[in-house]
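J.: Structure incoming, see below.
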Amino acid sequence: MKNRIYYFTGTGNSLRTAMKIAEKMGETELISMKADPESVPATDCDTIGFVYPVYHWTVPEPVINFVKKLKINRNAYFFAVANPSFICGFACERMAKLLHKKGADLNYGSFVNSVANYVIVYPPFPPAKLMVPLMEKKTDRIAEEIAQRKERPYPRAGRMVRARFQKFMGPYLELQQYADQPFTVSDECIGCGLCSRVCPCNNIKITDGKPSFQHHCANCMACVTSCPKRAIGYEITKGDRELLNASNSKTGLVKIMGLPAKRKLYRNPYITVQDLTKEKFEL
Ligand SMILES: Cc1cc2nc3c(=O)[nH]c(=O)nc-3n(C[C@H](O)[C@H](O)[C@H](O)COP(=O)(O)O)c2cc1C
Ligand code: SF4
Ligand code: SF4
């Protein structure tokens with residue numbers, strides 16, 4: 001029996017979920033979606049799982065691109081576990097559709113409400129002290145069911161999300177192409193390269209001892225949260241705003257995006273920065 005979980009994570013919630021499921025299943029390979037999907041096919045796997053955060057009420061774009069290119073064993077047991085803060089939306093439905101296109105069925109779908117990590121928009125909430133024990137508990141339940149290869153109909157988007165998705169989320173999805181434009185790097189940067197190693201999108205190059213952003217950012221918050229010098233900031237300048245307006249993006253969110261110096265950052269307390277740099281675990 002060969003078990004494999006592919007995970008995408010910025011601040012460790014999804015990695016923690018993936019690890020707990022892997023521990024319960026036993027003998028499971030965990031592979032980061034940082035990898036080139038063509039180099040990590042799942043054609044010989046009997047259990048194939050996907051664990052990821054929810055962005056803009058759906059599956060993060062890098063996860064969609066990864067799954068589209070991944071070669072799979074269509075007859076495997078498939079599961080998906082999304083890690084939203086509050087709104088799971090289309091995050092499981094979309095995954096089911098991606099798999100369906102490959103001739104496979106999603107046997108089990110669920111979600112774990114988690115600490116909201118979008119720290120360039122808001123401070124992390126609810127407090128980790130309250131939320132993490134609940135996340136742990138729900139993940140234990142899910143891990144038990146998956147280890148027993150149970151079937152669970154995946155959660156679907158509610159009526160509100162379905163009706164408002166395009167109006168509310170369309171502009172944010174459009175903004176993604178400019179997602180890393182407002183990042184700043186202060187003189188505190190020591191050129192250690194950690195931001196580049198934790199980035200799940202391979203979006204950061206270290207050039208002349210400083211990070212440079214390559215414009216395929218998912219805004220996952222890994223670099224911001226992991227920098228030992230807190231050197232990465234986020235500031236929407238007049239030029240950025242013009243760019244954002246040029247995209248016809250009518251979104252109130254842009255007005256409040258930024259990273260005040262005292263903003264609390266977040267990383268799942270069970271996950272280390274070293275864990276975020278890894279591409280593979282065998283549990
Ligand atoms: C760009 C971005 C968009 C997000 N959109 C949503 C969302 O639509 N719904 C939601 O419930 N949480 C949303 N969140 C919160 C994350 O899904 C949540 O904090 C997740 O657990 C983070 O997982 P990670 O620690 O594995 O990166 C968003 C976070 C980011 C960074
Ligand atoms: S992690 Fe921080 S200090 Fe290290 S290279 Fe990146 S920005 Fe500079
Ligand atoms: S550049 Fe930073 S925020 Fe963007 S995907 Fe990479 S780690 Fe995440």
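For the structure tokens, the naming scheme is as follows: chains receive sequential letters (A, B, ...) according to their order of presentation, residues are indexed from 1 within each chain, and ligands are indexed from 1 in presentation order.
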So which residues of region 136-185 of chain A fall under alpha helix (DSSP H) by DSSP, listed as a ChimeraX atom specification?

T.: /A:136-147,159-164,170-175

J.: I want to know what sits within 7 Å of region 121-138 of chain A, based on only C-alpha atoms, with residues of the same chain fewer than 3 positions away left out; could you give that as a ChimeraX atom specification?

T.: /A:112-118,141-142,256-258,263-266

J.: Per residue of chain A within 6 Å of ligand 1, note the shortest atom pair and the distance in Å to one decimal, counting only C-alpha atoms and all ligand atoms, and order the rows by chain and increasing residue number, as a tab-separated table.

T.:
```
residue	atom	partner	partner_atom_place_in_ligand_line	distance
A:Thr9	CA	ligand 1	26 (O)	3.7
A:Gly10	CA	ligand 1	27 (O)	3.4
A:Thr11	CA	ligand 1	25 (O)	3.5
A:Gly12	CA	ligand 1	25 (O)	4.0
A:Asn13	CA	ligand 1	25 (O)	3.6
A:Ser14	CA	ligand 1	26 (O)	3.6
A:Leu15	CA	ligand 1	26 (O)	5.9
A:Tyr52	CA	ligand 1	26 (O)	6.0
A:Pro53	CA	ligand 1	23 (O)	4.2
A:Val54	CA	ligand 1	17 (O)	3.9
A:Tyr55	CA	ligand 1	5 (N)	3.4
A:His56	CA	ligand 1	8 (O)	3.4
A:Trp57	CA	ligand 1	8 (O)	3.6
A:Asn83	CA	ligand 1	21 (O)	4.5
A:Pro84	CA	ligand 1	11 (O)	3.7
A:Ser85	CA	ligand 1	11 (O)	3.6
A:Phe86	CA	ligand 1	11 (O)	3.7
A:Ile87	CA	ligand 1	11 (O)	3.6
A:Cys88	CA	ligand 1	11 (O)	5.5
A:Ser114	CA	ligand 1	21 (O)	4.6
A:Val115	CA	ligand 1	19 (O)	5.0
A:Ala116	CA	ligand 1	19 (O)	3.4
A:Asn117	CA	ligand 1	19 (O)	4.0
A:Tyr118	CA	ligand 1	31 (C)	4.1
A:Asn219	CA	ligand 1	1 (C)	4.9
A:Cys220	CA	ligand 1	31 (C)	4.5
A:Met221	CA	ligand 1	31 (C)	5.9
```

J.: How would the residues just picked look written out with N, CA and C atoms as a tab-separated table (two decimals), in the first residue's frame?

T.:
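Printed below is out10.tsv as written:
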```tsv
chain	number	residue	atom	x	y	z
A	9	THR	N	1.40	25.01	1.73
A	9	THR	CA	1.23	25.75	2.98
A	9	THR	C	2.05	27.03	2.97
A	10	GLY	N	1.52	28.06	3.61
A	10	GLY	CA	2.27	29.29	3.80
A	10	GLY	C	2.74	29.39	5.24
A	11	THR	N	1.81	29.19	6.16
A	11	THR	CA	2.12	29.41	7.57
A	11	THR	C	1.93	28.15	8.42
A	12	GLY	N	1.86	27.00	7.79
A	12	GLY	CA	1.97	25.75	8.52
A	12	GLY	C	0.68	25.05	8.91
A	13	ASN	N	-0.47	25.73	8.80
A	13	ASN	CA	-1.71	25.05	9.21
A	13	ASN	C	-1.94	23.80	8.36
A	14	SER	N	-1.81	23.96	7.06
A	14	SER	CA	-2.09	22.82	6.17
A	14	SER	C	-1.01	21.74	6.34
A	15	LEU	N	0.23	22.15	6.57
A	15	LEU	CA	1.28	21.15	6.79
A	15	LEU	C	1.00	20.37	8.07
A	52	TYR	N	-4.49	21.76	1.75
A	52	TYR	CA	-4.14	23.12	1.30
A	52	TYR	C	-5.02	24.15	2.00
A	53	PRO	N	-4.59	25.42	2.00
A	53	PRO	CA	-5.43	26.47	2.58
A	53	PRO	C	-6.55	26.86	1.60
A	54	VAL	N	-7.45	27.69	2.05
A	54	VAL	CA	-8.46	28.25	1.13
A	54	VAL	C	-8.07	29.70	0.86
A	55	TYR	N	-7.99	30.07	-0.41
A	55	TYR	CA	-7.75	31.46	-0.77
A	55	TYR	C	-8.93	31.95	-1.59
A	56	HIS	N	-9.48	33.07	-1.19
A	56	HIS	CA	-10.56	33.70	-1.95
A	56	HIS	C	-11.70	32.71	-2.25
A	57	TRP	N	-12.08	31.99	-1.21
A	57	TRP	CA	-13.22	31.06	-1.24
A	57	TRP	C	-13.00	29.86	-2.17
A	83	ASN	N	-8.08	23.96	4.49
A	83	ASN	CA	-7.86	24.63	5.78
A	83	ASN	C	-8.24	26.10	5.69
A	84	PRO	N	-9.53	26.40	5.65
A	84	PRO	CA	-9.94	27.81	5.59
A	84	PRO	C	-9.85	28.43	6.98
A	85	SER	N	-9.99	29.75	7.06
A	85	SER	CA	-10.23	30.31	8.39
A	85	SER	C	-11.71	30.10	8.69
A	86	PHE	N	-12.59	30.67	7.83
A	86	PHE	CA	-14.03	30.51	8.08
A	86	PHE	C	-14.82	30.03	6.88
A	87	ILE	N	-14.39	30.47	5.66
A	87	ILE	CA	-15.23	30.17	4.50
A	87	ILE	C	-14.52	29.19	3.57
A	88	CYS	N	-14.99	27.98	3.54
A	88	CYS	CA	-14.38	26.93	2.70
A	88	CYS	C	-14.79	27.10	1.24
A	114	SER	N	-9.30	27.16	10.67
A	114	SER	CA	-7.95	27.39	11.18
A	114	SER	C	-7.74	28.88	11.49
A	115	VAL	N	-6.60	29.20	12.10
A	115	VAL	CA	-6.28	30.60	12.35
A	115	VAL	C	-6.12	31.31	11.00
A	116	ALA	N	-6.77	32.46	10.86
A	116	ALA	CA	-6.67	33.25	9.63
A	116	ALA	C	-5.30	33.93	9.58
A	117	ASN	N	-4.58	33.74	8.48
A	117	ASN	CA	-3.16	34.12	8.45
A	117	ASN	C	-2.81	35.27	7.52
A	118	TYR	N	-3.80	35.94	6.95
A	118	TYR	CA	-3.52	36.93	5.89
A	118	TYR	C	-3.06	38.24	6.54
A	219	ASN	N	0.67	35.20	-2.27
A	219	ASN	CA	0.40	35.94	-1.02
A	219	ASN	C	0.21	34.99	0.17
A	220	CYS	N	1.02	33.93	0.21
A	220	CYS	CA	0.81	32.90	1.23
A	220	CYS	C	1.28	33.30	2.62
A	221	MET	N	2.11	34.33	2.70
A	221	MET	CA	2.61	34.89	3.96
A	221	MET	C	3.80	34.13	4.55
```

J.: Considering only C-alpha atoms and all ligand atoms, tabulate each residue of chain A that lies at most 7 Å from ligand 2 along with its nearest interatomic pair and the corresponding distance in Å to one decimal; arrange the rows by chain and ascending residue number and present them as JSON lines.

T.:
```
{"residue": "A:Val185", "atom": "CA", "partner": "ligand 2", "partner_atom_place_in_ligand_line": "7 (S)", "distance": 6.0}
{"residue": "A:Glu188", "atom": "CA", "partner": "ligand 2", "partner_atom_place_in_ligand_line": "3 (S)", "distance": 6.7}
{"residue": "A:Cys189", "atom": "CA", "partner": "ligand 2", "partner_atom_place_in_ligand_line": "8 (Fe)", "distance": 3.7}
{"residue": "A:Ile190", "atom": "CA", "partner": "ligand 2", "partner_atom_place_in_ligand_line": "3 (S)", "distance": 4.4}
{"residue": "A:Gly191", "atom": "CA", "partner": "ligand 2", "partner_atom_place_in_ligand_line": "5 (S)", "distance": 3.7}
{"residue": "A:Cys192", "atom": "CA", "partner": "ligand 2", "partner_atom_place_in_ligand_line": "4 (Fe)", "distance": 3.9}
{"residue": "A:Gly193", "atom": "CA", "partner": "ligand 2", "partner_atom_place_in_ligand_line": "5 (S)", "distance": 3.9}
{"residue": "A:Leu194", "atom": "CA", "partner": "ligand 2", "partner_atom_place_in_ligand_line": "1 (S)", "distance": 4.3}
{"residue": "A:Cys195", "atom": "CA", "partner": "ligand 2", "partner_atom_place_in_ligand_line": "1 (S)", "distance": 4.1}
{"residue": "A:Ser196", "atom": "CA", "partner": "ligand 2", "partner_atom_place_in_ligand_line": "6 (Fe)", "distance": 6.6}
{"residue": "A:Ile206", "atom": "CA", "partner": "ligand 2", "partner_atom_place_in_ligand_line": "5 (S)", "distance": 7.0}
{"residue": "A:Gly209", "atom": "CA", "partner": "ligand 2", "partner_atom_place_in_ligand_line": "5 (S)", "distance": 6.9}
{"residue": "A:Lys210", "atom": "CA", "partner": "ligand 2", "partner_atom_place_in_ligand_line": "5 (S)", "distance": 5.8}
{"residue": "A:Pro211", "atom": "CA", "partner": "ligand 2", "partner_atom_place_in_ligand_line": "5 (S)", "distance": 5.7}
{"residue": "A:Cys223", "atom": "CA", "partner": "ligand 2", "partner_atom_place_in_ligand_line": "1 (S)", "distance": 6.6}
{"residue": "A:Ser226", "atom": "CA", "partner": "ligand 2", "partner_atom_place_in_ligand_line": "1 (S)", "distance": 6.5}
{"residue": "A:Cys227", "atom": "CA", "partner": "ligand 2", "partner_atom_place_in_ligand_line": "1 (S)", "distance": 3.8}
{"residue": "A:Pro228", "atom": "CA", "partner": "ligand 2", "partner_atom_place_in_ligand_line": "2 (Fe)", "distance": 5.8}
{"residue": "A:Lys229", "atom": "CA", "partner": "ligand 2", "partner_atom_place_in_ligand_line": "3 (S)", "distance": 5.3}
{"residue": "A:Arg230", "atom": "CA", "partner": "ligand 2", "partner_atom_place_in_ligand_line": "2 (Fe)", "distance": 6.2}
{"residue": "A:Ala231", "atom": "CA", "partner": "ligand 2", "partner_atom_place_in_ligand_line": "7 (S)", "distance": 5.1}
{"residue": "A:Ile232", "atom": "CA", "partner": "ligand 2", "partner_atom_place_in_ligand_line": "7 (S)", "distance": 5.4}
```

J.: Put those residues in a file: N, CA and C atoms, as an mmCIF file, in the first residue's frame.

T.:
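The new file selection.cif reads:
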```cif
data_model
loop_
_atom_site.group_PDB
_atom_site.id
_atom_site.type_symbol
_atom_site.label_atom_id
_atom_site.label_comp_id
_atom_site.auth_asym_id
_atom_site.auth_seq_id
_atom_site.Cartn_x
_atom_site.Cartn_y
_atom_site.Cartn_z
ATOM 1 N N VAL A 185 11.708 45.439 1.101
ATOM 2 C CA VAL A 185 12.753 44.763 1.881
ATOM 3 C C VAL A 185 13.585 45.857 2.557
ATOM 4 N N GLU A 188 17.379 45.948 7.214
ATOM 5 C CA GLU A 188 17.621 44.898 8.212
ATOM 6 C C GLU A 188 17.975 43.559 7.559
ATOM 7 N N CYS A 189 17.646 43.406 6.280
ATOM 8 C CA CYS A 189 17.870 42.120 5.575
ATOM 9 C C CYS A 189 19.352 41.739 5.612
ATOM 10 N N ILE A 190 19.621 40.480 6.009
ATOM 11 C CA ILE A 190 21.015 40.007 6.091
ATOM 12 C C ILE A 190 21.338 39.033 4.940
ATOM 13 N N GLY A 191 20.405 38.918 4.012
ATOM 14 C CA GLY A 191 20.654 38.086 2.831
ATOM 15 C C GLY A 191 20.734 36.592 3.121
ATOM 16 N N CYS A 192 20.043 36.138 4.172
ATOM 17 C CA CYS A 192 20.168 34.731 4.586
ATOM 18 C C CYS A 192 19.465 33.767 3.623
ATOM 19 N N GLY A 193 18.518 34.268 2.848
ATOM 20 C CA GLY A 193 17.844 33.437 1.849
ATOM 21 C C GLY A 193 16.703 32.581 2.376
ATOM 22 N N LEU A 194 16.375 32.735 3.647
ATOM 23 C CA LEU A 194 15.309 31.902 4.218
ATOM 24 C C LEU A 194 13.963 32.157 3.520
ATOM 25 N N CYS A 195 13.710 33.419 3.215
ATOM 26 C CA CYS A 195 12.442 33.754 2.543
ATOM 27 C C CYS A 195 12.318 32.958 1.239
ATOM 28 N N SER A 196 13.427 32.819 0.535
ATOM 29 C CA SER A 196 13.409 32.101 -0.731
ATOM 30 C C SER A 196 13.154 30.609 -0.502
ATOM 31 N N ILE A 206 17.389 35.332 -4.646
ATOM 32 C CA ILE A 206 18.296 36.215 -3.898
ATOM 33 C C ILE A 206 19.303 36.762 -4.911
ATOM 34 N N GLY A 209 22.454 39.563 -2.659
ATOM 35 C CA GLY A 209 22.193 39.487 -1.228
ATOM 36 C C GLY A 209 20.831 40.001 -0.795
ATOM 37 N N LYS A 210 19.928 40.235 -1.729
ATOM 38 C CA LYS A 210 18.591 40.713 -1.369
ATOM 39 C C LYS A 210 17.525 39.915 -2.118
ATOM 40 N N PRO A 211 16.364 39.709 -1.488
ATOM 41 C CA PRO A 211 15.311 38.997 -2.213
ATOM 42 C C PRO A 211 14.714 39.846 -3.329
ATOM 43 N N CYS A 223 7.022 34.051 3.548
ATOM 44 C CA CYS A 223 8.255 34.860 3.625
ATOM 45 C C CYS A 223 8.144 35.903 4.726
ATOM 46 N N SER A 226 8.433 34.235 8.142
ATOM 47 C CA SER A 226 9.647 33.465 8.451
ATOM 48 C C SER A 226 10.910 34.305 8.538
ATOM 49 N N CYS A 227 10.891 35.514 8.019
ATOM 50 C CA CYS A 227 12.117 36.325 8.003
ATOM 51 C C CYS A 227 12.603 36.590 9.439
ATOM 52 N N PRO A 228 13.848 36.204 9.747
ATOM 53 C CA PRO A 228 14.340 36.367 11.120
ATOM 54 C C PRO A 228 14.539 37.833 11.502
ATOM 55 N N LYS A 229 14.572 38.711 10.518
ATOM 56 C CA LYS A 229 14.815 40.140 10.783
ATOM 57 C C LYS A 229 13.555 40.981 10.576
ATOM 58 N N ARG A 230 12.480 40.327 10.265
ATOM 59 C CA ARG A 230 11.225 41.029 9.957
ATOM 60 C C ARG A 230 11.473 42.121 8.908
ATOM 61 N N ALA A 231 12.282 41.756 7.932
ATOM 62 C CA ALA A 231 12.704 42.760 6.946
ATOM 63 C C ALA A 231 11.704 42.929 5.799
ATOM 64 N N ILE A 232 10.760 41.992 5.678
ATOM 65 C CA ILE A 232 9.819 42.085 4.551
ATOM 66 C C ILE A 232 8.567 42.835 4.991
#
```

J.: Taking 3 positions as the minimum chain separation for residues in the same chain, which residues sit within 10 Å of Leu106 (chain A) when counting only C-alpha atoms? Answer as a PyMOL selection string.

T.: chain A and resi 48-49+76-80+92-93+95-100+109+151-154
